[in-house]
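Structure file work03.cif (mmCIF, C-alpha atoms) follows.
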data_structure
#
loop_
_atom_site.group_PDB
_atom_site.id
_atom_site.type_symbol
_atom_site.label_atom_id
_atom_site.label_comp_id
_atom_site.auth_asym_id
_atom_site.auth_seq_id
_atom_site.Cartn_x
_atom_site.Cartn_y
_atom_site.Cartn_z
ATOM 1 C CA MET Q 284 0.000 0.000 0.000
ATOM 2 C CA THR Q 285 2.866 2.317 0.816
ATOM 3 C CA GLU Q 286 4.474 1.735 -2.587
ATOM 4 C CA ASP Q 287 1.149 2.380 -4.346
ATOM 5 C CA PHE Q 288 0.677 5.577 -2.340
ATOM 6 C CA ASN Q 289 4.179 6.803 -3.247
ATOM 7 C CA ALA Q 290 3.596 5.948 -6.887
ATOM 8 C CA ASN Q 291 0.311 7.880 -6.940
ATOM 9 C CA LEU Q 292 1.931 10.809 -5.195
ATOM 10 C CA THR Q 293 4.722 10.860 -7.745
ATOM 11 C CA LYS Q 294 2.193 10.862 -10.578
ATOM 12 C CA GLU Q 295 0.333 13.742 -8.955
ATOM 13 C CA GLU Q 296 3.566 15.697 -8.565
ATOM 14 C CA MET Q 297 4.503 15.066 -12.193
ATOM 15 C CA ARG Q 298 1.045 16.122 -13.331
ATOM 16 C CA GLY Q 299 1.274 19.300 -11.244
ATOM 17 C CA HIS Q 300 4.756 20.049 -12.578
ATOM 18 C CA THR Q 301 3.562 19.589 -16.167
ATOM 19 C CA PHE Q 302 0.558 21.827 -15.543
ATOM 20 C CA LEU Q 303 2.855 24.490 -14.068
ATOM 21 C CA ILE Q 304 5.103 24.409 -17.151
ATOM 22 C CA ILE Q 305 2.106 24.699 -19.492
ATOM 23 C CA ARG Q 306 0.694 27.590 -17.459
ATOM 24 C CA ARG Q 307 4.021 29.438 -17.588
ATOM 25 C CA ILE Q 308 4.331 28.889 -21.338
ATOM 26 C CA VAL Q 309 0.840 30.315 -21.891
ATOM 27 C CA ALA Q 310 1.514 33.257 -19.555
ATOM 28 C CA TYR Q 311 4.832 34.150 -21.196
ATOM 29 C CA THR Q 312 3.325 33.783 -24.676
ATOM 30 C CA VAL Q 313 0.496 36.172 -23.815
ATOM 31 C CA LEU Q 314 2.881 38.654 -22.186
ATOM 32 C CA ILE Q 315 5.245 38.603 -25.166
ATOM 33 C CA ALA Q 316 2.314 39.096 -27.555
ATOM 34 C CA VAL Q 317 0.980 42.040 -25.524
ATOM 35 C CA CYS Q 318 4.482 43.544 -25.314
ATOM 36 C CA LEU Q 319 4.961 43.289 -29.080
ATOM 37 C CA LEU Q 320 1.516 44.767 -29.665
ATOM 38 C CA ALA Q 321 2.321 47.729 -27.404
ATOM 39 C CA MET Q 322 5.752 48.253 -28.993
ATOM 40 C CA PHE Q 323 4.596 47.823 -32.597
ATOM 41 C CA PRO Q 324 3.732 51.523 -33.247
ATOM 42 C CA PHE Q 325 7.115 52.625 -31.879
ATOM 43 C CA ILE Q 326 8.942 49.997 -33.917
ATOM 44 C CA VAL Q 327 7.161 51.104 -37.093
ATOM 45 C CA LEU Q 328 7.903 54.765 -36.302
ATOM 46 C CA LEU Q 329 11.609 54.123 -35.794
ATOM 47 C CA ILE Q 330 11.833 51.973 -38.940
ATOM 48 C CA ASN Q 331 10.064 54.641 -40.996
ATOM 49 C CA THR Q 332 12.751 57.154 -40.030
ATOM 50 C CA THR Q 333 15.079 55.101 -42.246
ATOM 51 C CA HIS Q 334 12.847 55.177 -45.368
ATOM 52 C CA ASP Q 335 12.089 57.852 -47.929
ATOM 53 C CA SER Q 336 8.635 59.354 -48.444
ATOM 54 C CA ALA Q 337 7.715 57.172 -51.449
ATOM 55 C CA THR Q 338 8.490 53.939 -49.593
ATOM 56 C CA ILE Q 339 6.391 55.010 -46.599
ATOM 57 C CA GLN Q 340 3.458 56.050 -48.795
ATOM 58 C CA PHE Q 341 3.246 53.097 -51.139
ATOM 59 C CA SER Q 342 4.620 50.114 -49.232
ATOM 60 C CA PHE Q 343 5.004 48.638 -45.768
ATOM 61 C CA THR Q 344 8.078 46.899 -44.457
ATOM 62 C CA LEU Q 345 9.618 46.086 -41.104
ATOM 63 C CA LEU Q 346 13.119 46.104 -42.551
ATOM 64 C CA PRO Q 347 15.253 49.219 -41.975
ATOM 65 C CA GLY Q 348 16.116 51.372 -44.976
ATOM 66 C CA SER Q 349 19.093 53.533 -45.856
ATOM 67 C CA GLU Q 350 17.585 57.032 -45.715
ATOM 68 C CA PHE Q 351 18.132 57.777 -42.027
ATOM 69 C CA ILE Q 352 20.972 60.258 -42.564
ATOM 70 C CA THR Q 353 19.106 61.931 -45.444
ATOM 71 C CA ASN Q 354 15.951 62.386 -43.369
ATOM 72 C CA PHE Q 355 17.975 63.680 -40.439
ATOM 73 C CA ASN Q 356 19.778 66.226 -42.607
ATOM 74 C CA ASN Q 357 16.486 67.316 -44.199
ATOM 75 C CA VAL Q 358 15.034 68.019 -40.736
ATOM 76 C CA LEU Q 359 18.059 70.044 -39.674
ATOM 77 C CA ALA Q 360 18.060 71.991 -42.953
ATOM 78 C CA ASP Q 361 14.386 73.013 -42.679
ATOM 79 C CA SER Q 362 14.243 76.432 -41.004
ATOM 80 C CA SER Q 363 10.484 76.073 -40.465
ATOM 81 C CA LEU Q 364 11.133 73.078 -38.186
ATOM 82 C CA PRO Q 365 13.462 74.261 -35.392
ATOM 83 C CA VAL Q 366 13.591 70.785 -33.859
ATOM 84 C CA LEU Q 367 16.948 71.169 -32.125
ATOM 85 C CA ARG Q 368 15.860 74.445 -30.545
ATOM 86 C CA GLY Q 369 12.613 72.811 -29.461
ATOM 87 C CA MET Q 370 14.504 69.872 -27.958
ATOM 88 C CA LEU Q 371 16.752 72.262 -26.050
ATOM 89 C CA ASN Q 372 13.753 74.210 -24.740
ATOM 90 C CA SER Q 373 11.994 71.003 -23.750
ATOM 91 C CA LEU Q 374 15.147 69.702 -22.072
ATOM 92 C CA ILE Q 375 15.539 72.894 -20.023
ATOM 93 C CA VAL Q 376 11.889 73.005 -18.981
ATOM 94 C CA ALA Q 377 11.655 69.281 -18.237
ATOM 95 C CA SER Q 378 14.926 69.097 -16.288
ATOM 96 C CA VAL Q 379 14.341 72.168 -14.125
ATOM 97 C CA SER Q 380 10.669 71.292 -13.609
ATOM 98 C CA CYS Q 381 11.392 67.750 -12.433
ATOM 99 C CA VAL Q 382 14.043 68.960 -9.950
ATOM 100 C CA ILE Q 383 11.754 71.637 -8.528
ATOM 101 C CA ALA Q 384 8.704 69.353 -8.449
ATOM 102 C CA VAL Q 385 10.505 66.515 -6.675
ATOM 103 C CA TYR Q 386 12.306 68.695 -4.114
ATOM 104 C CA VAL Q 387 9.375 70.969 -3.239
ATOM 105 C CA SER Q 388 6.903 68.074 -3.102
ATOM 106 C CA ALA Q 389 9.256 66.019 -0.906
ATOM 107 C CA LEU Q 390 9.783 69.004 1.383
ATOM 108 C CA THR Q 391 6.017 69.554 1.648
ATOM 109 C CA ALA Q 392 5.384 65.870 2.325
ATOM 110 C CA TYR Q 393 8.111 65.875 4.980
ATOM 111 C CA GLY Q 394 6.603 68.907 6.699
ATOM 112 C CA ILE Q 395 3.163 67.316 6.916
ATOM 113 C CA TYR Q 396 4.484 63.860 7.822
ATOM 114 C CA ALA Q 397 7.122 64.771 10.395
ATOM 115 C CA TYR Q 398 5.406 67.656 12.221
ATOM 116 C CA ASP Q 399 2.282 67.772 14.370
ATOM 117 C CA PHE Q 400 0.253 70.961 14.089
ATOM 118 C CA LYS Q 401 -3.415 71.845 14.310
ATOM 119 C CA LEU Q 402 -4.106 72.204 10.588
ATOM 120 C CA LYS Q 403 -2.136 69.127 9.549
ATOM 121 C CA ARG Q 404 -5.120 67.108 8.349
ATOM 122 C CA LEU Q 405 -6.709 70.138 6.748
ATOM 123 C CA ALA Q 406 -3.525 70.902 4.812
ATOM 124 C CA ASN Q 407 -3.290 67.323 3.569
ATOM 125 C CA THR Q 408 -6.977 67.314 2.582
ATOM 126 C CA PHE Q 409 -6.576 70.630 0.764
ATOM 127 C CA ILE Q 410 -3.681 69.296 -1.302
ATOM 128 C CA MET Q 411 -5.674 66.153 -2.137
ATOM 129 C CA LEU Q 412 -8.587 68.319 -3.274
ATOM 130 C CA ILE Q 413 -6.231 70.211 -5.597
ATOM 131 C CA LEU Q 414 -5.167 66.837 -7.013
ATOM 132 C CA MET Q 415 -8.753 66.278 -8.190
ATOM 133 C CA VAL Q 416 -9.022 69.665 -9.926
ATOM 134 C CA PRO Q 417 -8.333 69.368 -13.694
ATOM 135 C CA LEU Q 418 -5.516 71.483 -15.086
ATOM 136 C CA GLN Q 419 -7.946 73.104 -17.533
ATOM 137 C CA VAL Q 420 -9.855 74.694 -14.640
ATOM 138 C CA SER Q 421 -6.877 76.590 -13.219
ATOM 139 C CA ALA Q 422 -4.981 77.151 -16.479
ATOM 140 C CA VAL Q 423 -6.855 80.315 -17.503
ATOM 141 C CA GLY Q 424 -6.089 82.105 -14.258
ATOM 142 C CA TYR Q 425 -2.485 80.950 -14.325
ATOM 143 C CA VAL Q 426 -1.975 82.161 -17.900
ATOM 144 C CA ASP Q 427 -3.538 85.551 -17.077
ATOM 145 C CA MET Q 428 -1.221 85.900 -14.078
ATOM 146 C CA MET Q 429 1.847 85.015 -16.160
ATOM 147 C CA LYS Q 430 0.815 87.562 -18.809
ATOM 148 C CA ALA Q 431 0.506 90.229 -16.127
ATOM 149 C CA TRP Q 432 4.003 89.365 -14.904
ATOM 150 C CA GLY Q 433 5.409 89.532 -18.440
ATOM 151 C CA PHE Q 434 6.124 85.798 -18.798
ATOM 152 C CA TYR Q 435 4.418 85.260 -22.138
ATOM 153 C CA ASN Q 436 5.404 84.160 -25.661
ATOM 154 C CA ASN Q 437 9.174 84.735 -26.054
ATOM 155 C CA ASN Q 438 9.522 85.173 -22.266
ATOM 156 C CA ALA Q 439 7.331 82.189 -21.349
ATOM 157 C CA LEU Q 440 10.109 79.801 -20.295
ATOM 158 C CA PRO Q 441 9.869 80.652 -16.551
ATOM 159 C CA ALA Q 442 6.072 80.336 -16.708
ATOM 160 C CA MET Q 443 6.389 76.778 -18.005
ATOM 161 C CA ILE Q 444 8.610 75.983 -15.009
ATOM 162 C CA PHE Q 445 6.723 77.818 -12.232
ATOM 163 C CA GLN Q 446 3.773 75.433 -12.445
ATOM 164 C CA SER Q 447 5.977 72.578 -11.212
ATOM 165 C CA LEU Q 448 6.076 74.213 -7.764
ATOM 166 C CA ALA Q 449 2.641 72.721 -7.068
ATOM 167 C CA MET Q 450 2.325 69.082 -8.122
ATOM 168 C CA PRO Q 451 -0.026 67.322 -5.660
ATOM 169 C CA GLY Q 452 0.415 63.953 -7.373
ATOM 170 C CA VAL Q 453 4.148 63.969 -6.623
ATOM 171 C CA TYR Q 454 3.431 65.120 -3.055
ATOM 172 C CA PHE Q 455 0.977 62.267 -2.505
ATOM 173 C CA PHE Q 456 3.462 59.632 -3.676
ATOM 174 C CA MET Q 457 6.250 61.132 -1.564
ATOM 175 C CA LYS Q 458 4.086 61.173 1.559
ATOM 176 C CA GLN Q 459 2.991 57.568 1.022
ATOM 177 C CA TYR Q 460 6.596 56.530 0.602
ATOM 178 C CA MET Q 461 7.631 58.343 3.779
ATOM 179 C CA GLU Q 462 4.912 56.567 5.731
ATOM 180 C CA SER Q 463 6.223 53.200 4.560
ATOM 181 C CA ALA Q 464 9.997 53.751 4.581
ATOM 182 C CA LEU Q 465 10.873 56.673 6.884
ATOM 183 C CA PRO Q 466 10.630 55.997 10.650
ATOM 184 C CA LEU Q 467 10.172 59.175 12.659
ATOM 185 C CA GLU Q 468 12.759 57.840 15.100
ATOM 186 C CA ILE Q 469 15.465 58.634 12.524
ATOM 187 C CA VAL Q 470 14.278 62.236 12.344
ATOM 188 C CA GLU Q 471 14.202 62.490 16.140
ATOM 189 C CA ALA Q 472 17.716 61.054 16.343
ATOM 190 C CA GLY Q 473 18.946 63.715 13.933
ATOM 191 C CA ARG Q 474 17.353 66.441 16.046
ATOM 192 C CA ILE Q 475 18.921 65.048 19.219
ATOM 193 C CA ASP Q 476 22.329 65.088 17.515
ATOM 194 C CA GLY Q 477 21.881 68.810 16.940
ATOM 195 C CA GLY Q 478 21.069 68.831 13.224
ATOM 196 C CA HIS Q 479 18.824 71.645 11.998
ATOM 197 C CA GLU Q 480 15.726 70.776 10.022
ATOM 198 C CA PHE Q 481 17.071 71.452 6.518
ATOM 199 C CA TYR Q 482 20.197 69.469 7.271
ATOM 200 C CA ILE Q 483 18.089 66.517 8.459
ATOM 201 C CA PHE Q 484 15.911 66.749 5.381
ATOM 202 C CA ASN Q 485 18.740 67.071 2.869
ATOM 203 C CA PHE Q 486 21.235 64.620 4.345
ATOM 204 C CA VAL Q 487 19.106 62.149 6.328
ATOM 205 C CA VAL Q 488 15.673 62.014 4.712
ATOM 206 C CA MET Q 489 16.588 62.517 1.058
ATOM 207 C CA PRO Q 490 19.028 59.544 0.887
ATOM 208 C CA ILE Q 491 16.290 57.281 2.271
ATOM 209 C CA MET Q 492 13.907 58.670 -0.341
ATOM 210 C CA LYS Q 493 16.162 57.884 -3.323
ATOM 211 C CA PRO Q 494 13.868 55.253 -4.945
ATOM 212 C CA ALA Q 495 10.834 57.550 -4.659
ATOM 213 C CA ILE Q 496 12.847 60.531 -5.885
ATOM 214 C CA ALA Q 497 14.050 58.568 -8.920
ATOM 215 C CA VAL Q 498 10.533 57.430 -9.815
ATOM 216 C CA GLN Q 499 8.926 60.838 -9.472
ATOM 217 C CA ALA Q 500 11.811 62.560 -11.262
ATOM 218 C CA ILE Q 501 11.238 60.274 -14.244
ATOM 219 C CA PHE Q 502 7.474 60.820 -14.230
ATOM 220 C CA ALA Q 503 7.828 64.578 -13.782
ATOM 221 C CA PHE Q 504 10.406 64.774 -16.570
ATOM 222 C CA VAL Q 505 8.246 62.790 -18.996
ATOM 223 C CA ALA Q 506 5.106 64.758 -18.105
ATOM 224 C CA SER Q 507 6.898 68.055 -18.653
ATOM 225 C CA TRP Q 508 8.555 66.847 -21.874
ATOM 226 C CA ASN Q 509 5.175 65.790 -23.297
ATOM 227 C CA ASN Q 510 3.243 68.790 -21.972
ATOM 228 C CA TYR Q 511 1.421 70.521 -24.798
ATOM 229 C CA PHE Q 512 -1.594 72.189 -23.179
ATOM 230 C CA LEU Q 513 0.076 74.811 -20.994
ATOM 231 C CA PRO Q 514 2.900 75.779 -23.413
ATOM 232 C CA SER Q 515 0.297 76.186 -26.162
ATOM 233 C CA LEU Q 516 -1.476 78.788 -23.999
ATOM 234 C CA LEU Q 517 1.706 80.602 -23.036
ATOM 235 C CA THR Q 518 3.501 80.773 -26.371
ATOM 236 C CA THR Q 519 3.208 80.134 -30.097
ATOM 237 C CA THR Q 520 4.818 77.660 -32.477
ATOM 238 C CA ASN Q 521 7.035 80.414 -33.907
ATOM 239 C CA SER Q 522 8.265 81.558 -30.504
ATOM 240 C CA LYS Q 523 11.939 81.153 -29.710
ATOM 241 C CA VAL Q 524 10.996 79.265 -26.527
ATOM 242 C CA ALA Q 525 8.541 76.875 -28.216
ATOM 243 C CA THR Q 526 8.886 73.347 -26.852
ATOM 244 C CA LEU Q 527 9.082 70.207 -28.948
ATOM 245 C CA PRO Q 528 5.362 69.251 -28.620
ATOM 246 C CA LEU Q 529 4.416 72.662 -30.043
ATOM 247 C CA ILE Q 530 6.767 72.203 -32.992
ATOM 248 C CA VAL Q 531 5.463 68.700 -33.673
ATOM 249 C CA SER Q 532 1.875 69.981 -33.474
ATOM 250 C CA GLY Q 533 2.701 72.832 -35.842
ATOM 251 C CA MET Q 534 3.677 70.314 -38.511
ATOM 252 C CA SER Q 535 -0.025 69.604 -39.117
ATOM 253 C CA ASN Q 536 -0.465 73.207 -40.302
ATOM 254 C CA MET Q 537 2.268 72.876 -42.950
ATOM 255 C CA ASP Q 538 0.300 71.907 -46.050
ATOM 256 C CA TYR Q 539 3.459 71.713 -48.139
ATOM 257 C CA LEU Q 540 5.074 69.172 -45.816
ATOM 258 C CA THR Q 541 4.639 65.919 -47.779
ATOM 259 C CA ASP Q 542 8.024 64.406 -46.979
ATOM 260 C CA TYR Q 543 6.890 61.606 -44.674
ATOM 261 C CA GLY Q 544 10.457 60.559 -44.013
ATOM 262 C CA LYS Q 545 11.039 63.991 -42.484
ATOM 263 C CA VAL Q 546 7.793 63.751 -40.511
ATOM 264 C CA TYR Q 547 8.728 60.403 -38.991
ATOM 265 C CA MET Q 548 12.225 61.652 -38.234
ATOM 266 C CA VAL Q 549 10.820 64.577 -36.229
ATOM 267 C CA LEU Q 550 8.504 62.223 -34.327
ATOM 268 C CA GLY Q 551 11.383 59.849 -33.694
ATOM 269 C CA MET Q 552 13.548 62.657 -32.337
ATOM 270 C CA ALA Q 553 10.690 63.577 -30.000
ATOM 271 C CA ILE Q 554 10.254 60.134 -28.434
ATOM 272 C CA VAL Q 555 13.753 58.630 -28.491
ATOM 273 C CA PRO Q 556 14.913 60.608 -25.400
ATOM 274 C CA LEU Q 557 11.932 59.272 -23.445
ATOM 275 C CA ILE Q 558 12.615 55.704 -24.559
ATOM 276 C CA ILE Q 559 16.230 56.041 -23.440
ATOM 277 C CA VAL Q 560 15.152 57.402 -20.038
ATOM 278 C CA TYR Q 561 12.741 54.523 -19.472
ATOM 279 C CA LEU Q 562 15.207 51.868 -20.579
ATOM 280 C CA CYS Q 563 17.953 53.213 -18.333
ATOM 281 C CA LEU Q 564 15.817 53.852 -15.249
ATOM 282 C CA SER Q 565 13.020 51.272 -15.466
ATOM 283 C CA LYS Q 566 14.400 49.337 -12.487
ATOM 284 C CA TYR Q 567 13.970 52.425 -10.296
ATOM 285 C CA ILE Q 568 10.365 52.792 -11.451
ATOM 286 C CA ILE Q 569 9.508 49.214 -10.453
ATOM 287 C CA ARG Q 570 11.398 49.376 -7.143
ATOM 288 C CA GLY Q 571 10.027 52.759 -6.131
ATOM 289 C CA ILE Q 572 6.408 51.928 -6.923
ATOM 290 C CA ALA Q 573 6.669 48.566 -5.128
ATOM 291 C CA LEU Q 574 8.095 50.145 -1.970
ATOM 292 C CA GLY Q 575 5.905 53.215 -2.004
ATOM 293 C CA SER Q 576 2.670 51.283 -2.452
ATOM 294 C CA VAL Q 577 3.015 49.411 0.871
ATOM 295 C CA LYS Q 578 2.422 51.231 4.110
ATOM 296 C CA GLY Q 579 4.415 49.507 6.851
#
What is this file in structure tokens?
Amino acid sequence: MTEDFNANLTKEEMRGHTFLIIRRIVAYTVLIAVCLLAMFPFIVLLINTTHDSATIQFSFTLLPGSEFITNFNNVLADSSLPVLRGMLNSLIVASVSCVIAVYVSALTAYGIYAYDFKLKRLANTFIMLILMVPLQVSAVGYVDMMKAWGFYNNNALPAMIFQSLAMPGVYFFMKQYMESALPLEIVEAGRIDGGHEFYIFNFVVMPIMKPAIAVQAIFAFVASWNNYFLPSLLTTTNSKVATLPLIVSGMSNMDYLTDYGKVYMVLGMAIVPLIIVYLCLSKYIIRGIALGSVKG
């Protein structure tokens, strides 16, 4: 009976092992298919940057062509498409905005998390209410204020950056991360050792917050790089501080622009920096979200 029982148990284990292998094969197949489906538009876009306009219009291929350098030179030679200037403007706005957004939001979250004061809950609730207000509601007043201050059109670069001072979404993530990864005992120990509050924040709290800072810096950078709504209200496509989304959008108004190789090259230049950022820092995104989503 014992031998029969062991034999049956072995068969059950083998059946379970086989079922596990089949389940993994199906899961990985589905995931690979979904990944390819999501990446397909980007793959086609990047491949089309290597083809001329006639090939893009009259045929479809997933094989790279030999027109990449030609398309790139055509974009740089077109004075009506200041792509490099737009990339520089976008890089300045996105970089400065993400630094300001992350630091100010972390400082705000630290103040509400680490201090006890009468209006603590009210302040947190107020910020959460702002999070639910669409940007379109407050944009008109913000644009009018920036116009009154002289930050409009060719002087609109500071106005595109000022709005990053108040990003409740970044604040919320930072506060949740602090609640899960920052014991108040560490802050108290720093105070006992004689450290002033900004020293504790900059040299004790911020190193602990590195995963959250990396995640929110990436998200803030990408959001600012892709931001079209606010820059479109503050400046024009022909402005010297026009960002890359404005320049890409302005291509639709160029009726003479029938060189699809040039069009795809401009689009490729707009998204390649974001792809590089995600590929290089994806591990920080996964780690930061995983840690910040659990309240210990």
Checklist entry - Where does the PyMOL selection byres ((chain Q and resi 347) around 10) land in this file, that is, which residues does it pick, as a ChimeraX atom specification? => result /Q:327,329-334,344-346,348-351
Keeping only C-alpha atoms, take the residues you just selected and write them out as a PDB file, in the frame of the given file.
ATOM      1  CA  VAL Q 327       7.161  51.104 -37.093  1.00  0.00           C
ATOM      2  CA  LEU Q 329      11.609  54.123 -35.794  1.00  0.00           C
ATOM      3  CA  ILE Q 330      11.833  51.973 -38.940  1.00  0.00           C
ATOM      4  CA  ASN Q 331      10.064  54.641 -40.996  1.00  0.00           C
ATOM      5  CA  THR Q 332      12.751  57.154 -40.030  1.00  0.00           C
ATOM      6  CA  THR Q 333      15.079  55.101 -42.246  1.00  0.00           C
ATOM      7  CA  HIS Q 334      12.847  55.177 -45.368  1.00  0.00           C
ATOM      8  CA  THR Q 344       8.078  46.899 -44.457  1.00  0.00           C
ATOM      9  CA  LEU Q 345       9.618  46.086 -41.104  1.00  0.00           C
ATOM     10  CA  LEU Q 346      13.119  46.104 -42.551  1.00  0.00           C
ATOM     11  CA  GLY Q 348      16.116  51.372 -44.976  1.00  0.00           C
ATOM     12  CA  SER Q 349      19.093  53.533 -45.856  1.00  0.00           C
ATOM     13  CA  GLU Q 350      17.585  57.032 -45.715  1.00  0.00           C
ATOM     14  CA  PHE Q 351      18.132  57.777 -42.027  1.00  0.00           C
TER      15      PHE Q 351
END
Kindly provide, as JSON, the centre and edge lengths (Å, one decimal) of an axis-aligned box around all atoms of region 495-507 of chain Q given in the file, with 4 Å on each side.
{"center_x": 9.6, "center_y": 62.7, "center_z": -11.8, "size_x": 16.9, "size_y": 18.6, "size_z": 22.3}
Checklist entry - Of the candidates Q:Tyr482, Q:Thr293, Q:Pro365, Q:Leu513, which one gets nearest to Ser421 (chain Q) if we count all atoms listed in the file? => result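 Closest to Ser421 (chain Q) of all the choices is Q:Leu513.
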Item to check | Atom pair CA of Ser363 (chain Q) / CA of Gln340 (chain Q): separation (Å) | outcome: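 Computed distance, CA of Ser363 (chain Q) to CA of Gln340 (chain Q), equals 22.8 Å.
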Checklist entry - So how far away is CA of Pro490 (chain Q) from CA of Ile475 (chain Q), in Å? => result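 So the two atoms, CA of Ile475 (chain Q) and CA of Pro490 (chain Q), lie 19.1 Å apart.
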Next on the checklist: I'd like to see the residues matched by the PyMOL selection byres ((chain Q and resi 385) around 10) on this file, and ideally I'd get them as a ChimeraX atom specification.
Outcome noted: /Q:380-384,386-391,447-448,450,453-454,457,495-503
Checklist entry - How would you write, as a ChimeraX atom specification, the residues chosen by the PyMOL selection byres ((chain Q and resi 471) around 12) on this structure? => result /Q:397-398,465-470,472-480,483-484,487-488
Checklist entry - Rounded to one decimal in Å, what is the spacing between CA of Tyr543 (chain Q) and CA of Ala525 (chain Q)? => result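 Interatomic distance here is 22.5 Å.
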Checklist entry - Given the choices Q:Met428, Q:Leu562, Q:Leu328, Q:Val416, which gets closest to Leu550 (chain Q) if the distance is worked out from all atoms listed in the file? => result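 Going through Q:Met428, Q:Leu562, Q:Leu328, Q:Val416 one by one, the smallest distance to Leu550 (chain Q) is for Q:Leu328.
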I want to know what sits within 10 Å of Lys430 (chain Q), based on all atoms listed in the file, with residues of the same chain fewer than 5 positions away left out; could you give that as a PDB file with C-alpha atoms, keeping the file's coordinate frame?
ATOM      1  CA  GLY Q 424      -6.089  82.105 -14.258  1.00  0.00           C
ATOM      2  CA  TYR Q 425      -2.485  80.950 -14.325  1.00  0.00           C
ATOM      3  CA  TYR Q 435       4.418  85.260 -22.138  1.00  0.00           C
ATOM      4  CA  ASN Q 436       5.404  84.160 -25.661  1.00  0.00           C
ATOM      5  CA  ASN Q 438       9.522  85.173 -22.266  1.00  0.00           C
ATOM      6  CA  ALA Q 439       7.331  82.189 -21.349  1.00  0.00           C
ATOM      7  CA  ALA Q 442       6.072  80.336 -16.708  1.00  0.00           C
ATOM      8  CA  LEU Q 517       1.706  80.602 -23.036  1.00  0.00           C
TER       9      LEU Q 517
END
Next on the checklist: Could you check the closest approach to Val531 (chain Q) for each of Q:Gly551, Q:Gly433, Q:Pro441, Q:Pro494 and tell me which residue wins, using only C-alpha atoms?
Outcome noted: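 Closest candidate: Q:Gly551.
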Next on the checklist: I need the residue nearest Pro451 (chain Q) from this list: Q:Ala464, Q:Ile410, Q:Val426, Q:Met489. Use all atoms listed in the file for the distance.
Outcome noted: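 Of all the options, Q:Ile410 lies closest to Pro451 (chain Q).
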Item to check | Best match for closeness to Leu364 (chain Q) among Q:Cys563, Q:Leu557, Q:Val549, Q:Leu516, counting all atoms listed in the file | outcome: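 Smallest distance to Leu364 (chain Q) is found for Q:Val549.
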Item to check | Nearest-residue call for Gly394 (chain Q), choices Q:Leu564, Q:Ala406, Q:Ile352, Q:Val309, using only C-alpha atoms | outcome: Q:Ala406
